[in-house]
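One structure is given here, and the rest of the page talks about it.
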Amino acid sequence: MGSRGIVAAAVYVPHRRLDRTTIAEVAGGGGGTGTRAVAGYDEDTTTMGVEAARAALRGRDVPVPRTLWFSTANPAYVDKTNATAIHAALRLERGSSAFDVNGSVRSVMGALCAALQGSGSHLVVSADLRAGLAGGSDEATFGDGAAALLVGDSDDASLLAEVIGEGTATEEFLDRWRTPGDVRSKVWEERFGETRYVPLGEAAWDDALKSAGLVADQVDRIAIAGTHGRAVGALAKKLGVGDRLVGADVAAGVGNLGAAQPVALLTAALEVAEPGQVVALVVLADGADVVLFRTTDAISSWTPSRPLADQAAGGAPIDYGTYLRWRGILPVEPPRRPEPARPSASAAGRSADWKFGFVGSSAADGAVHLPPQPGDTRAVPMADAKGTIATFTVDRLAYSPSPPVVFAIVDFDGGGRLPVELTDVDVDRVRIGARVELTFRKLFTADGIHNYFWKARLI
């Protein structure tokens with residue numbers, strides 16, 4: 001068997017952006033310049049992971065993953081596997097495994113290394129939803145998002161980059177920590193973390209170069225990820241990366257994506273790389289890990305579905321008060337309406353293809369039915385279908401953590417009509433005839449059960 005590497009990659013950045021300059025006037029401190037990405041009230045790490053994975057698998061003839069690895073420092077569930085919801089939304093085969101590798105930023109490197117050391121195709125998905133107390137540095141520095149890589153063998157003609165070297169260094173020390181149930185992380189004195197991370201990063205870097213038979217000047221693009229900004233900056237200076245460093249514009253536009261940052265920055269590096277270039281991923285998290293890749297000719301014909309640079313430059317604003325409310329940092333009066341009932345596990349199990357995969361059905365005459373109807377003979381996957389708004393209503397009375405709710409009747413391309421809730425939308429932008437696409441979201445949470453389904457967003 002030949003070497004292994006990256007077959008596909010994508011990043012998902014939520015629609016909303018918080019202007020950091022608006023923080024200090026409310027919180028009395030903090031903030032800064034630029035913006036940070038903010039997940040919607042109906043998003044969590046699972047839904048963002050679905051969106052990143054869909055983007056990675058879209059548009060190219062890629063192998064079906066035999067294993068899905070999902071890594072996050074902020075899982076929607078504990079005890080229950082979160083990766084299975086992503087598996088269902090992607091409609092992967094029943095024989096494909098799905099595992100969580102959660103708890104820390106370094107967990108994603110464990111998932112990536114497991115995928116690279118295996119055989120066949122593996123999908124590595126990482127996501128994070130970063131919070132912090134009002135006015136704190138974490139609130140402004142970090143951002144929400146997800147990223148995904150499809151790993152495969154070098155005999156796959158679509159391989160974008162193959163692994164040529166690896167290095168690692170592990171050491172136990174206290175840098176950043178959060179106890180289960182706590183809403184914010186705590187950080188030890190910054191200079192202490194810097195003195196530990198930089199030597200570990202240098203050691204892992206040297207080992208990776210040695211294993212690849214390269215010298216530092218032969219590395220063309222370098223992505224350094226980590227939640228310790230001071231250590232990342234110091235290591236970049238020590239390594240002398242100069243203009244080869246990737247990700248400064250990402251940090252300014254969306255923030256540090258936490259557990260999703262390593263895969264996001266690697267994707268950003270691949271998006272601007274040319275054939276034959278060496279790309280380095282350096283991760284500082286409870287030690288240091290370095291993976292070196294060499295891009296193939298296939299990268300010249302690869303067109304990312306939504307380049308990270310474009311997403312970082314886009315988005316729509318959210319005011320600071322709404323951000324605090326969505327995160328539960330600012331308690332507010334709940335909607336004076338009956339709360340939703342707990343979703344039924346048995347009902348969800350009976351309709352998993354519809355609920356998670358958005359699979360309709362068609363009759364003998366070819367008419368598409370949404371939801372699927374008994375007696376229809378053919379399943380019709382519709383998650384990637386686009387549609388047109390036939391009519392819509394703005395409901396200011398329905399129960400919602402972020403009213404008003406906009407419902408639209410959508411006519412889907414190729415057939416099928418369904419009332420769908422719109423998301424990532426400002427009311428004054430909705431119009432009849434507008435084009436929409438589907439996105440995997442959370443309708444509500446009741447009794448600790450997340451009710452996942454699909455919504456529509458404007459294209």
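Identifiers in this document derive from the order of the structure tokens: chains are assigned A, B, ..., residues are numbered from 1 separately in each chain, and ligands are numbered from 1 in order of occurrence.
DSSP on the backbone gives strand (DSSP E) for these parts of stretch 314-376 of chain A: Ala316, Pro317, Val359, Gly360, Ser361, Ser362, Val368 and His369 of chain A.
Near A:Leu123, within a cut-off of 7 Å and counting only C-alpha atoms, sit the residues Pro65, Thr67, Leu68, Trp69, Leu149, Leu150 and Val151 of chain A, with same-chain residues fewer than 3 positions away left out.
Using only C-alpha atoms, the contacts of A:Arg58 at a cut-off of 12 Å, with sequence neighbours closer than 2 positions omitted, comprise Val7, Ala8, Ala9, Ala10, Glu51, Ala52, Ala53, Arg54, Ala55, Ala56, Arg60, Asp61, Val62, Pro63, Val64, Leu90, Ala148, Leu150, Trp302, Thr303, Pro304, Ser305, Arg306, Ala383 and Asp384 of chain A.
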**Study point:** Selected residue of minimal separation from A:Ile86 among A:Val278, A:Val50, A:Val436, A:Leu116, counting only C-alpha atoms
**Key:** A:Val50
Practice item. DSSP on the backbone, then: every residue of stretch 19-169 of chain A marked alpha helix (DSSP H), written as a PyMOL selection string. Key: chain A and resi 24-27+45-57+83-89+107-117+137-141
Point to revise | Within 8 Å of stretch 264-270 of chain A using only C-alpha atoms, minus same-chain residues under 3 positions, as an NGL selection string | key: :A and (9-11 or 146-148 or 221-225 or 246-247 or 257 or 260-261 or 273 or 279-281 or 295 or 299 or 307-309)
Practice item. Could you check which of A:Ala73, A:Phe356, A:Ser119, A:Ala216 is closest to A:Lys442, using only C-alpha atoms? Key: A:Phe356
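Here atom CA of A:Asp447 is placed at a distance of 13.2 Å from atom CA of A:Ala76.
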